[in-house]
$ cat protein.txt   # compact mmCIF, C-alpha atoms
# COMPACT_ATOMS: atom_id res chain seq x y z
CA MET A 10 128.04 26.52 92.58
CA THR A 11 131.18 28.17 93.76
CA GLY A 12 133.72 26.95 96.18
CA THR A 13 136.47 24.48 96.69
CA TYR A 14 135.02 21.52 94.82
CA ALA A 15 135.02 23.40 91.51
CA THR A 16 138.55 24.60 92.19
CA VAL A 17 139.68 21.05 92.91
CA ILE A 18 138.24 19.80 89.60
CA THR A 19 139.90 22.68 87.75
CA VAL A 20 143.31 22.09 89.32
CA VAL A 21 143.17 18.29 88.90
CA SER A 22 142.05 18.64 85.31
CA LEU A 23 144.81 21.12 84.48
CA LEU A 24 147.44 18.91 86.12
CA PHE A 25 146.17 15.95 84.10
CA ALA A 26 146.23 18.12 80.97
CA GLY A 27 149.84 19.10 81.57
CA TRP A 28 150.79 15.48 82.13
CA ALA A 29 148.93 14.32 79.01
CA LEU A 30 150.51 17.07 76.92
CA ILE A 31 153.98 16.03 78.09
CA CYS A 32 153.15 12.42 77.20
CA ALA A 33 152.00 13.54 73.75
CA ALA A 34 155.07 15.72 73.25
CA THR A 35 157.32 12.78 74.05
CA ASN A 36 155.42 10.75 71.48
CA ARG A 37 153.71 8.35 73.86
CA ARG A 38 150.51 6.50 73.12
CA PRO A 39 147.75 6.74 75.75
CA THR A 40 148.61 4.58 78.75
CA LEU A 41 146.27 2.78 81.11
CA LEU A 42 147.13 5.38 83.74
CA LEU A 43 145.95 8.16 81.44
CA PHE A 44 142.64 6.41 80.89
CA ALA A 45 142.36 5.94 84.65
CA ALA A 46 142.85 9.69 85.06
CA ALA A 47 139.92 10.30 82.70
CA VAL A 48 137.77 7.96 84.78
CA LEU A 49 138.77 9.78 87.98
CA LEU A 50 137.91 13.14 86.42
CA GLU A 51 134.56 11.76 85.33
CA ALA A 52 133.84 10.66 88.90
CA LEU A 53 134.64 14.18 90.13
CA LEU A 54 132.37 15.67 87.45
CA LEU A 55 129.57 13.34 88.42
CA GLY A 56 129.74 14.71 91.95
CA PHE A 57 129.84 18.22 90.54
CA ALA A 58 126.70 17.63 88.45
CA VAL A 59 124.76 16.08 91.33
CA GLY A 60 125.84 18.85 93.68
CA GLY A 61 124.96 21.46 91.07
CA VAL A 62 121.45 20.15 90.50
CA VAL A 63 120.86 19.87 94.24
CA GLN A 64 122.01 23.47 94.75
CA MET A 65 119.86 24.60 91.84
CA ALA A 66 116.79 22.89 93.27
CA GLY A 67 117.49 24.52 96.64
CA THR A 68 117.31 28.10 95.43
CA ALA A 69 114.49 30.22 94.08
CA ARG A 70 116.96 32.72 92.66
CA HIS A 71 116.53 33.62 89.01
CA PHE A 72 119.35 32.48 86.74
CA ALA A 73 119.73 30.66 83.41
CA ARG A 74 118.81 27.18 84.60
CA ALA A 75 118.73 25.52 81.18
CA GLU A 76 122.27 26.74 80.44
CA PHE A 77 123.37 25.67 83.89
CA VAL A 78 122.20 22.09 83.44
CA GLY A 79 123.47 22.13 79.85
CA TYR A 80 127.01 22.97 80.91
CA LEU A 81 126.90 20.41 83.75
CA LEU A 82 125.82 17.69 81.33
CA GLY A 83 128.27 18.89 78.68
CA ALA A 84 131.14 18.58 81.13
CA LEU A 85 129.91 15.11 82.03
CA VAL A 86 129.93 13.68 78.50
CA ILE A 87 133.39 14.92 77.50
CA PRO A 88 135.69 12.46 79.35
CA PRO A 89 133.75 9.33 78.29
CA LEU A 90 133.70 10.47 74.65
CA ALA A 91 137.43 11.23 74.78
CA PHE A 92 138.04 7.84 76.41
CA TYR A 93 136.14 6.05 73.65
CA TRP A 94 137.68 8.07 70.81
CA ALA A 95 141.26 7.82 72.13
CA ARG A 96 140.99 4.08 72.65
CA GLY A 97 140.97 3.47 68.90
CA GLU A 98 144.21 5.35 68.31
CA ARG A 99 147.43 3.77 69.48
CA SER A 100 149.62 6.78 68.82
CA ARG A 101 150.27 10.12 70.44
CA SER A 102 147.13 11.43 68.75
CA GLY A 103 145.15 9.29 71.17
CA THR A 104 147.05 10.92 74.02
CA LEU A 105 146.24 14.36 72.58
CA VAL A 106 142.53 13.54 72.44
CA ILE A 107 142.58 12.84 76.18
CA ALA A 108 144.64 16.00 76.77
CA LEU A 109 141.93 17.98 74.94
CA ALA A 110 139.26 16.62 77.27
CA PHE A 111 141.37 17.65 80.27
CA LEU A 112 141.80 21.13 78.78
CA ILE A 113 138.11 21.61 78.00
CA THR A 114 136.84 20.51 81.42
CA PRO A 115 138.08 23.63 83.32
CA ILE A 116 136.34 25.80 80.70
CA MET A 117 133.09 23.92 81.26
CA VAL A 118 133.45 24.24 85.04
CA LEU A 119 134.11 27.96 84.64
CA ARG A 120 130.99 28.32 82.47
CA VAL A 121 128.91 26.49 85.07
CA GLN A 122 130.11 28.96 87.69
CA GLN A 123 129.52 31.96 85.44
CA VAL A 124 125.96 30.87 84.74
CA TRP A 125 125.43 30.28 88.45
CA VAL A 126 126.50 33.84 89.30
CA GLY A 127 124.51 35.12 86.35
CA SER A 128 127.21 36.77 84.27
CA VAL A 129 126.31 34.76 81.15
CA GLY A 130 123.18 33.15 79.76
CA MET B 27 156.42 3.06 41.21
CA VAL B 28 153.32 2.53 39.18
CA ASP B 29 150.65 5.13 39.75
CA PRO B 30 148.18 3.26 41.96
CA GLY B 31 145.35 5.02 40.20
CA LEU B 32 146.23 3.36 36.90
CA THR B 33 146.90 -0.24 37.93
CA ASP B 34 143.63 -2.11 38.17
CA SER B 35 140.46 -1.31 36.34
CA GLY B 36 138.26 -1.40 39.45
CA ALA B 37 140.75 -0.86 42.27
CA ARG B 38 141.29 2.90 42.28
CA HIS B 39 143.75 4.56 44.61
CA THR B 40 142.23 4.47 48.10
CA PRO B 41 142.64 7.64 50.15
CA ALA B 42 144.05 7.51 53.67
CA PRO B 43 141.43 7.41 56.43
CA THR B 44 140.52 10.87 57.74
CA GLY B 45 139.89 9.77 61.31
CA GLN B 46 143.33 8.48 62.24
CA GLY B 47 146.59 10.03 63.33
CA PHE B 48 146.23 13.81 63.32
CA GLY B 49 142.67 13.19 62.12
CA ARG B 50 141.86 11.71 65.54
CA VAL B 51 142.61 15.06 67.15
CA LEU B 52 140.83 16.98 64.39
CA VAL B 53 137.69 14.89 64.83
CA ALA B 54 137.90 15.48 68.59
CA VAL B 55 138.04 19.25 68.06
CA TYR B 56 135.14 19.07 65.61
CA GLY B 57 133.29 16.97 68.17
CA ILE B 58 133.77 19.65 70.82
CA PHE B 59 132.29 22.26 68.50
CA ALA B 60 129.45 19.94 67.53
CA LEU B 61 128.69 19.57 71.23
CA ALA B 62 129.09 23.28 71.96
CA ALA B 63 126.96 24.42 69.02
CA THR B 64 124.28 21.78 69.57
CA SER B 65 123.79 22.47 73.25
CA ARG B 66 123.91 26.21 72.69
CA SER B 67 121.26 26.11 69.99
CA ALA B 68 119.12 23.60 71.90
CA VAL B 69 118.99 25.99 74.85
CA GLN B 70 118.34 28.99 72.58
CA LEU B 71 115.56 27.31 70.62
CA ALA B 72 113.93 25.91 73.74
CA THR B 73 114.05 28.96 75.98
CA LYS B 74 114.24 32.16 73.91
CA PHE B 75 113.42 31.42 70.29
CA ASP B 76 111.18 34.50 69.99
CA GLU B 77 113.99 36.91 70.85
CA ALA B 78 116.00 36.35 67.68
CA PRO B 79 114.62 33.55 65.48
CA LEU B 80 117.05 34.13 62.61
CA ALA B 81 120.18 34.07 64.75
CA TYR B 82 119.00 31.03 66.66
CA LEU B 83 118.10 29.11 63.52
CA LEU B 84 121.57 29.99 62.25
CA SER B 85 122.94 28.60 65.49
CA ALA B 86 121.09 25.34 64.89
CA PHE B 87 122.36 25.26 61.32
CA ALA B 88 125.94 25.66 62.54
CA ALA B 89 125.35 22.79 64.96
CA ILE B 90 124.19 20.51 62.15
CA VAL B 91 127.20 21.46 60.02
CA TYR B 92 129.57 20.58 62.87
CA ILE B 93 127.81 17.28 63.54
CA VAL B 94 128.00 16.29 59.87
CA ALA B 95 131.67 17.30 59.66
CA THR B 96 132.53 15.36 62.83
CA VAL B 97 130.79 12.16 61.83
CA SER B 98 131.96 12.18 58.23
CA LEU B 99 135.58 12.92 59.17
CA ALA B 100 135.44 10.12 61.73
CA ARG B 101 134.05 7.63 59.19
CA GLY B 102 136.35 8.65 56.37
CA ASP B 103 135.11 6.43 53.52
CA ALA B 104 134.67 7.85 50.01
CA THR B 105 131.12 9.12 50.55
CA SER B 106 131.94 10.53 53.99
CA ARG B 107 134.93 12.29 52.50
CA ARG B 108 132.72 14.08 49.98
CA LEU B 109 130.20 14.89 52.69
CA ALA B 110 133.00 16.23 54.92
CA THR B 111 134.28 18.44 52.10
CA VAL B 112 130.80 19.92 51.58
CA ALA B 113 130.17 20.40 55.31
CA ILE B 114 133.53 22.03 55.96
CA SER B 115 133.16 24.29 52.91
CA ILE B 116 129.78 25.41 54.24
CA GLU B 117 131.42 25.90 57.64
CA LEU B 118 134.08 28.13 56.08
CA ILE B 119 131.53 30.22 54.20
CA GLY B 120 129.33 30.35 57.31
CA VAL B 121 132.02 31.60 59.65
CA LEU B 122 133.15 34.21 57.12
CA ILE B 123 129.65 35.51 56.34
CA VAL B 124 128.32 35.41 59.90
CA GLY B 125 131.61 36.83 61.16
CA ALA B 126 131.45 39.74 58.72
CA ALA B 127 127.73 40.28 59.30
CA SER B 128 128.19 40.39 63.06
CA GLU B 129 130.88 43.06 62.65
CA LEU B 130 128.72 45.14 60.32
CA LEU B 131 125.38 44.69 62.10
CA PRO B 132 126.36 43.98 65.70
CA SER B 133 122.85 44.60 67.02
CA ASP B 134 121.48 41.60 65.12
CA PHE B 135 124.14 39.19 66.38
CA HIS B 136 124.55 39.53 70.10
CA GLN B 137 126.93 36.60 70.72
CA ALA B 138 124.23 34.41 69.29
CA THR B 139 126.18 31.79 67.36
CA VAL B 140 129.56 30.08 67.46
CA TRP B 141 130.42 32.00 64.29
CA THR B 142 129.67 35.47 65.69
CA GLY B 143 132.74 37.74 65.50
CA PHE B 144 134.55 35.06 63.47
CA GLY B 145 134.33 32.77 66.50
CA SER B 146 135.88 35.27 68.90
CA GLY B 147 133.91 33.74 71.78
CA TYR B 148 135.75 30.47 71.13
CA GLY B 149 139.30 31.73 70.72
CA PHE B 150 138.82 32.09 66.94
CA VAL B 151 139.07 28.32 66.62
CA PRO B 152 135.88 28.27 64.47
CA LEU B 153 137.71 30.47 61.95
CA VAL B 154 140.85 28.31 61.81
CA LEU B 155 139.10 24.94 61.93
CA PRO B 156 137.63 24.84 58.38
CA PHE B 157 141.03 25.68 56.88
CA VAL B 158 142.64 22.87 58.84
CA GLY B 159 139.79 20.54 57.89
CA LEU B 160 140.06 21.23 54.18
CA TRP B 161 143.84 20.94 54.33
CA TRP B 162 143.51 17.59 56.08
CA LEU B 163 141.07 16.31 53.44
CA ARG B 164 143.52 17.29 50.71
CA HIS B 165 146.48 15.89 52.62
CA THR B 166 144.90 12.45 53.08
CA ARG B 167 143.53 12.22 49.56

$ encode --input "protein.txt" --output "structure tokens"
Amino acid sequence: MTGTYATVITVVSLLFAGWALICAATNRRPTLLLFAAAVLLEALLLGFAVGGVVQMAGTARHFARAEFVGYLLGALVIPPLAFYWARGERSRSGTLVIALAFLITPIMVLRVQQVWVGSVG
Amino acid sequence: MVDPGLTDSGARHTPAPTGQGFGRVLVAVYGIFALAATSRSAVQLATKFDEAPLAYLLSAFAAIVYIVATVSLARGDATSRRLATVAISIELIGVLIVGAASELLPSDFHQATVWTGFGSGYGFVPLVLPFVGLWWLRHTR
């Protein structure tokens, strides 16, 4: 569960986070574009989860599988929840909620990788 | 200005909703911890309960506290507000006691809960969060 795909998600998510934080700092409510970014991130995470489970099934190596799937699923639910929760707030707080999701995602991806290598769990 | 609490017999002063404005963000942060604590304790209880039952039950307890705080802050009506105050107070006591206990008896708390080491595994956010939560409940009263 290493490699470029995880790095891509991390970089994209951090770029989105920076953008969302700038929007929040300049007092902007969440825009359609910001919601679209959350959808795009979710699509990337979906690929990550599928790829992760496939890789997990393809190895007999011993590692914390429950944690691994837990972090994959955890990463997957964050953008939709943020989307839903930000939608009800037409102020910069809504923008901040989306920014939070973008900030948390790289941590989840990192955890997935750590569990895969076996340094936690 | 007439004190809104004294005007009508039935219509008491209504507090501001706790799930809007800054509260939106606060609920989101609580939600993240509800998610983190719940999944952590689900994994612990399912896969290695026998290793440290007390710590893992504590983990599950923390998860429930975070879920209650998240939902009640998001709802924000009078009952939810009371429930949120109770949950966040328990959260504060929990993080202080578990934090202190994990410093004094490190062998019993090997990174087992979100409150271990005053939440050091989570950037000390678990320690700061209950203070912010209680402040927010007062602020919106």

$ closest_residue --input "protein.txt" --among "B:Ala81, B:Arg108, B:His165, B:Gly149" --to "chain A" --atoms "all atoms listed in the file"
B:Gly149

$ closest_atom_pairs --input "protein.txt" --of "chain A" --to "chain B" --cutoff "12 Å" --atoms "only C-alpha atoms" --output "tab-separated table"
residue	atom	partner	partner_atom	distance
A:Ala33	CA	B:Val51	CA	11.6
A:Arg38	CA	B:Gly47	CA	11.1
A:Ala73	CA	B:Thr73	CA	9.5
A:Arg74	CA	B:Val69	CA	9.8
A:Ala75	CA	B:Val69	CA	6.4
A:Glu76	CA	B:Val69	CA	6.5
A:Phe77	CA	B:Val69	CA	10.1
A:Val78	CA	B:Val69	CA	10.0
A:Gly79	CA	B:Ser65	CA	6.6
A:Tyr80	CA	B:Ser65	CA	8.3
A:Leu81	CA	B:Ser65	CA	11.1
A:Leu82	CA	B:Ser65	CA	9.6
A:Gly83	CA	B:Leu61	CA	7.5
A:Ala84	CA	B:Leu61	CA	10.2
A:Leu85	CA	B:Leu61	CA	11.7
A:Val86	CA	B:Leu61	CA	9.4
A:Ile87	CA	B:Ile58	CA	8.2
A:Pro88	CA	B:Ile58	CA	11.3
A:Leu90	CA	B:Ala54	CA	8.9
A:Ala91	CA	B:Ala54	CA	7.5
A:Phe92	CA	B:Ala54	CA	10.9
A:Tyr93	CA	B:Ala54	CA	10.8
A:Trp94	CA	B:Arg50	CA	7.6
A:Ala95	CA	B:Arg50	CA	7.7
A:Arg96	CA	B:Arg50	CA	10.5
A:Gly97	CA	B:Gln46	CA	8.7
A:Glu98	CA	B:Gln46	CA	6.9
A:Arg99	CA	B:Gly47	CA	8.8
A:Ser100	CA	B:Gly47	CA	7.1
A:Arg101	CA	B:Gly47	CA	8.0
A:Ser102	CA	B:Gly47	CA	5.6
A:Gly103	CA	B:Arg50	CA	7.0
A:Thr104	CA	B:Val51	CA	9.2
A:Leu105	CA	B:Val51	CA	6.6
A:Val106	CA	B:Val51	CA	5.5
A:Ile107	CA	B:Val51	CA	9.3
A:Ala108	CA	B:Val51	CA	9.9
A:Leu109	CA	B:Ala54	CA	7.9
A:Ala110	CA	B:Ala54	CA	8.9
A:Leu112	CA	B:Ile58	CA	11.4
A:Ile113	CA	B:Ile58	CA	8.6
A:Thr114	CA	B:Ile58	CA	11.1
A:Ile116	CA	B:Tyr148	CA	10.7
A:Met117	CA	B:Ala62	CA	10.1
A:Arg120	CA	B:Ala62	CA	11.8
A:Val129	CA	B:Gln137	CA	10.6
A:Gly130	CA	B:Gln70	CA	9.6

$ atom_distance --input "protein.txt" --atom1 "atom CA of Ile114 of chain B" --atom2 "atom CA of Pro41 of chain B"
18.0 Å

$ atom_distance --input "protein.txt" --atom1 "atom CA of Gln123 of chain A" --atom2 "atom CA of Val59 of chain A"
17.6 Å

$ residues_around --input "protein.txt" --residues "Gly147 of chain B" --least-positions-apart "4" --cutoff "12 Å" --atoms "all atoms listed in the file" --output "ChimeraX atom specification"
/B:62-63,125,136-143,151-153

$ write_last_selection --input "protein.txt" --atoms "C-alpha atoms" --output "PDB file, in the frame of the given file"
ATOM      1  CA  ALA B  62     129.090  23.280  71.960  1.00  0.00           C
ATOM      2  CA  ALA B  63     126.960  24.420  69.020  1.00  0.00           C
ATOM      3  CA  GLY B 125     131.610  36.830  61.160  1.00  0.00           C
ATOM      4  CA  HIS B 136     124.550  39.530  70.100  1.00  0.00           C
ATOM      5  CA  GLN B 137     126.930  36.600  70.720  1.00  0.00           C
ATOM      6  CA  ALA B 138     124.230  34.410  69.290  1.00  0.00           C
ATOM      7  CA  THR B 139     126.180  31.790  67.360  1.00  0.00           C
ATOM      8  CA  VAL B 140     129.560  30.080  67.460  1.00  0.00           C
ATOM      9  CA  TRP B 141     130.420  32.000  64.290  1.00  0.00           C
ATOM     10  CA  THR B 142     129.670  35.470  65.690  1.00  0.00           C
ATOM     11  CA  GLY B 143     132.740  37.740  65.500  1.00  0.00           C
ATOM     12  CA  VAL B 151     139.070  28.320  66.620  1.00  0.00           C
ATOM     13  CA  PRO B 152     135.880  28.270  64.470  1.00  0.00           C
ATOM     14  CA  LEU B 153     137.710  30.470  61.950  1.00  0.00           C
TER      15      LEU B 153
END

$ closest_residue --input "protein.txt" --among "B:His39, B:Tyr92, B:Leu131, B:Arg101" --to "Ile116 of chain B" --atoms "all atoms listed in the file"
B:Tyr92

$ atom_distance --input "protein.txt" --atom1 "atom CA of Asn36 of chain A" --atom2 "atom CA of Ala95 of chain B"
27.3 Å

$ residues_around --input "protein.txt" --residues "Leu109 of chain B" --least-positions-apart "4" --cutoff "8 Å" --atoms "all atoms listed in the file" --output "ChimeraX atom specification"
/B:94-95,98,105,113

$ residues_around --input "protein.txt" --residues "segment 11-26 of chain A" --least-positions-apart "4" --cutoff "7 Å" --atoms "all atoms listed in the file" --output "list in words"
Leu30, Leu50, Leu53, Ala108, Phe111, Leu112, Thr114, Pro115, Val118 and Gln122 of chain A

$ decode --input "protein.txt" --residues "segment 127-156 of chain B" --atoms "N, CA and C atoms" --output "PDB file, in the first residue's frame"
ATOM      1  N   ALA B 127      -3.272   9.169  34.743  1.00  0.00           N
ATOM      2  CA  ALA B 127      -3.029   7.760  35.038  1.00  0.00           C
ATOM      3  C   ALA B 127      -2.003   7.164  34.076  1.00  0.00           C
ATOM      4  N   SER B 128      -2.076   7.575  32.818  1.00  0.00           N
ATOM      5  CA  SER B 128      -1.150   7.007  31.837  1.00  0.00           C
ATOM      6  C   SER B 128       0.275   7.516  32.044  1.00  0.00           C
ATOM      7  N   GLU B 129       0.399   8.700  32.683  1.00  0.00           N
ATOM      8  CA  GLU B 129       1.737   9.197  33.015  1.00  0.00           C
ATOM      9  C   GLU B 129       2.292   8.451  34.226  1.00  0.00           C
ATOM     10  N   LEU B 130       1.394   8.166  35.195  1.00  0.00           N
ATOM     11  CA  LEU B 130       1.832   7.545  36.435  1.00  0.00           C
ATOM     12  C   LEU B 130       2.022   6.036  36.286  1.00  0.00           C
ATOM     13  N   LEU B 131       1.142   5.396  35.523  1.00  0.00           N
ATOM     14  CA  LEU B 131       1.223   3.944  35.343  1.00  0.00           C
ATOM     15  C   LEU B 131       1.325   3.611  33.860  1.00  0.00           C
ATOM     16  N   PRO B 132       2.424   3.990  33.230  1.00  0.00           N
ATOM     17  CA  PRO B 132       2.501   3.858  31.760  1.00  0.00           C
ATOM     18  C   PRO B 132       2.299   2.431  31.274  1.00  0.00           C
ATOM     19  N   SER B 133       2.645   1.447  32.102  1.00  0.00           N
ATOM     20  CA  SER B 133       2.552   0.065  31.630  1.00  0.00           C
ATOM     21  C   SER B 133       1.105  -0.366  31.392  1.00  0.00           C
ATOM     22  N   ASP B 134       0.165   0.263  32.137  1.00  0.00           N
ATOM     23  CA  ASP B 134      -1.238  -0.123  31.982  1.00  0.00           C
ATOM     24  C   ASP B 134      -1.909   0.572  30.794  1.00  0.00           C
ATOM     25  N   PHE B 135      -1.298   1.627  30.281  1.00  0.00           N
ATOM     26  CA  PHE B 135      -1.924   2.378  29.202  1.00  0.00           C
ATOM     27  C   PHE B 135      -0.954   2.536  28.035  1.00  0.00           C
ATOM     28  N   HIS B 136      -0.814   1.465  27.278  1.00  0.00           N
ATOM     29  CA  HIS B 136       0.116   1.548  26.161  1.00  0.00           C
ATOM     30  C   HIS B 136      -0.608   2.101  24.928  1.00  0.00           C
ATOM     31  N   GLN B 137      -0.702   3.419  24.835  1.00  0.00           N
ATOM     32  CA  GLN B 137      -1.380   4.078  23.702  1.00  0.00           C
ATOM     33  C   GLN B 137      -2.748   3.463  23.433  1.00  0.00           C
ATOM     34  N   ALA B 138      -3.472   3.161  24.521  1.00  0.00           N
ATOM     35  CA  ALA B 138      -4.673   2.363  24.324  1.00  0.00           C
ATOM     36  C   ALA B 138      -5.923   3.188  24.046  1.00  0.00           C
ATOM     37  N   THR B 139      -5.954   4.438  24.471  1.00  0.00           N
ATOM     38  CA  THR B 139      -7.155   5.237  24.260  1.00  0.00           C
ATOM     39  C   THR B 139      -6.789   6.592  23.664  1.00  0.00           C
ATOM     40  N   VAL B 140      -7.813   7.309  23.202  1.00  0.00           N
ATOM     41  CA  VAL B 140      -7.547   8.656  22.674  1.00  0.00           C
ATOM     42  C   VAL B 140      -7.095   9.601  23.781  1.00  0.00           C
ATOM     43  N   TRP B 141      -7.385   9.227  25.036  1.00  0.00           N
ATOM     44  CA  TRP B 141      -7.051  10.119  26.149  1.00  0.00           C
ATOM     45  C   TRP B 141      -5.679   9.825  26.754  1.00  0.00           C
ATOM     46  N   THR B 142      -5.042   8.741  26.331  1.00  0.00           N
ATOM     47  CA  THR B 142      -3.723   8.396  26.858  1.00  0.00           C
ATOM     48  C   THR B 142      -2.746   9.551  26.642  1.00  0.00           C
ATOM     49  N   GLY B 143      -1.946   9.853  27.682  1.00  0.00           N
ATOM     50  CA  GLY B 143      -0.965  10.943  27.576  1.00  0.00           C
ATOM     51  C   GLY B 143      -1.616  12.283  27.276  1.00  0.00           C
ATOM     52  N   PHE B 144      -2.806  12.497  27.832  1.00  0.00           N
ATOM     53  CA  PHE B 144      -3.587  13.721  27.596  1.00  0.00           C
ATOM     54  C   PHE B 144      -3.852  13.935  26.099  1.00  0.00           C
ATOM     55  N   GLY B 145      -3.985  12.846  25.356  1.00  0.00           N
ATOM     56  CA  GLY B 145      -4.262  12.954  23.927  1.00  0.00           C
ATOM     57  C   GLY B 145      -3.045  13.275  23.090  1.00  0.00           C
ATOM     58  N   SER B 146      -1.863  12.895  23.587  1.00  0.00           N
ATOM     59  CA  SER B 146      -0.627  13.236  22.871  1.00  0.00           C
ATOM     60  C   SER B 146      -0.569  12.578  21.493  1.00  0.00           C
ATOM     61  N   GLY B 147      -1.241  11.425  21.345  1.00  0.00           N
ATOM     62  CA  GLY B 147      -1.252  10.757  20.050  1.00  0.00           C
ATOM     63  C   GLY B 147      -2.101  11.482  19.016  1.00  0.00           C
ATOM     64  N   TYR B 148      -2.859  12.468  19.471  1.00  0.00           N
ATOM     65  CA  TYR B 148      -3.751  13.226  18.597  1.00  0.00           C
ATOM     66  C   TYR B 148      -3.470  14.720  18.707  1.00  0.00           C
ATOM     67  N   GLY B 149      -2.193  15.055  18.858  1.00  0.00           N
ATOM     68  CA  GLY B 149      -1.800  16.466  18.907  1.00  0.00           C
ATOM     69  C   GLY B 149      -2.410  17.231  20.074  1.00  0.00           C
ATOM     70  N   PHE B 150      -2.718  16.532  21.156  1.00  0.00           N
ATOM     71  CA  PHE B 150      -3.297  17.134  22.363  1.00  0.00           C
ATOM     72  C   PHE B 150      -4.652  17.794  22.115  1.00  0.00           C
ATOM     73  N   VAL B 151      -5.218  17.553  20.951  1.00  0.00           N
ATOM     74  CA  VAL B 151      -6.553  18.101  20.685  1.00  0.00           C
ATOM     75  C   VAL B 151      -7.582  17.587  21.707  1.00  0.00           C
ATOM     76  N   PRO B 152      -7.525  16.284  22.093  1.00  0.00           N
ATOM     77  CA  PRO B 152      -8.496  15.804  23.083  1.00  0.00           C
ATOM     78  C   PRO B 152      -8.451  16.565  24.409  1.00  0.00           C
ATOM     79  N   LEU B 153      -7.294  17.156  24.719  1.00  0.00           N
ATOM     80  CA  LEU B 153      -7.193  17.925  25.964  1.00  0.00           C
ATOM     81  C   LEU B 153      -7.826  19.316  25.798  1.00  0.00           C
ATOM     82  N   VAL B 154      -7.651  19.908  24.651  1.00  0.00           N
ATOM     83  CA  VAL B 154      -8.139  21.266  24.399  1.00  0.00           C
ATOM     84  C   VAL B 154      -9.644  21.271  24.119  1.00  0.00           C
ATOM     85  N   LEU B 155     -10.099  20.221  23.423  1.00  0.00           N
ATOM     86  CA  LEU B 155     -11.468  20.172  22.935  1.00  0.00           C
ATOM     87  C   LEU B 155     -12.554  20.382  24.002  1.00  0.00           C
ATOM     88  N   PRO B 156     -12.481  19.696  25.167  1.00  0.00           N
ATOM     89  CA  PRO B 156     -13.554  19.916  26.148  1.00  0.00           C
ATOM     90  C   PRO B 156     -13.616  21.349  26.650  1.00  0.00           C
TER      91      PRO B 156
END
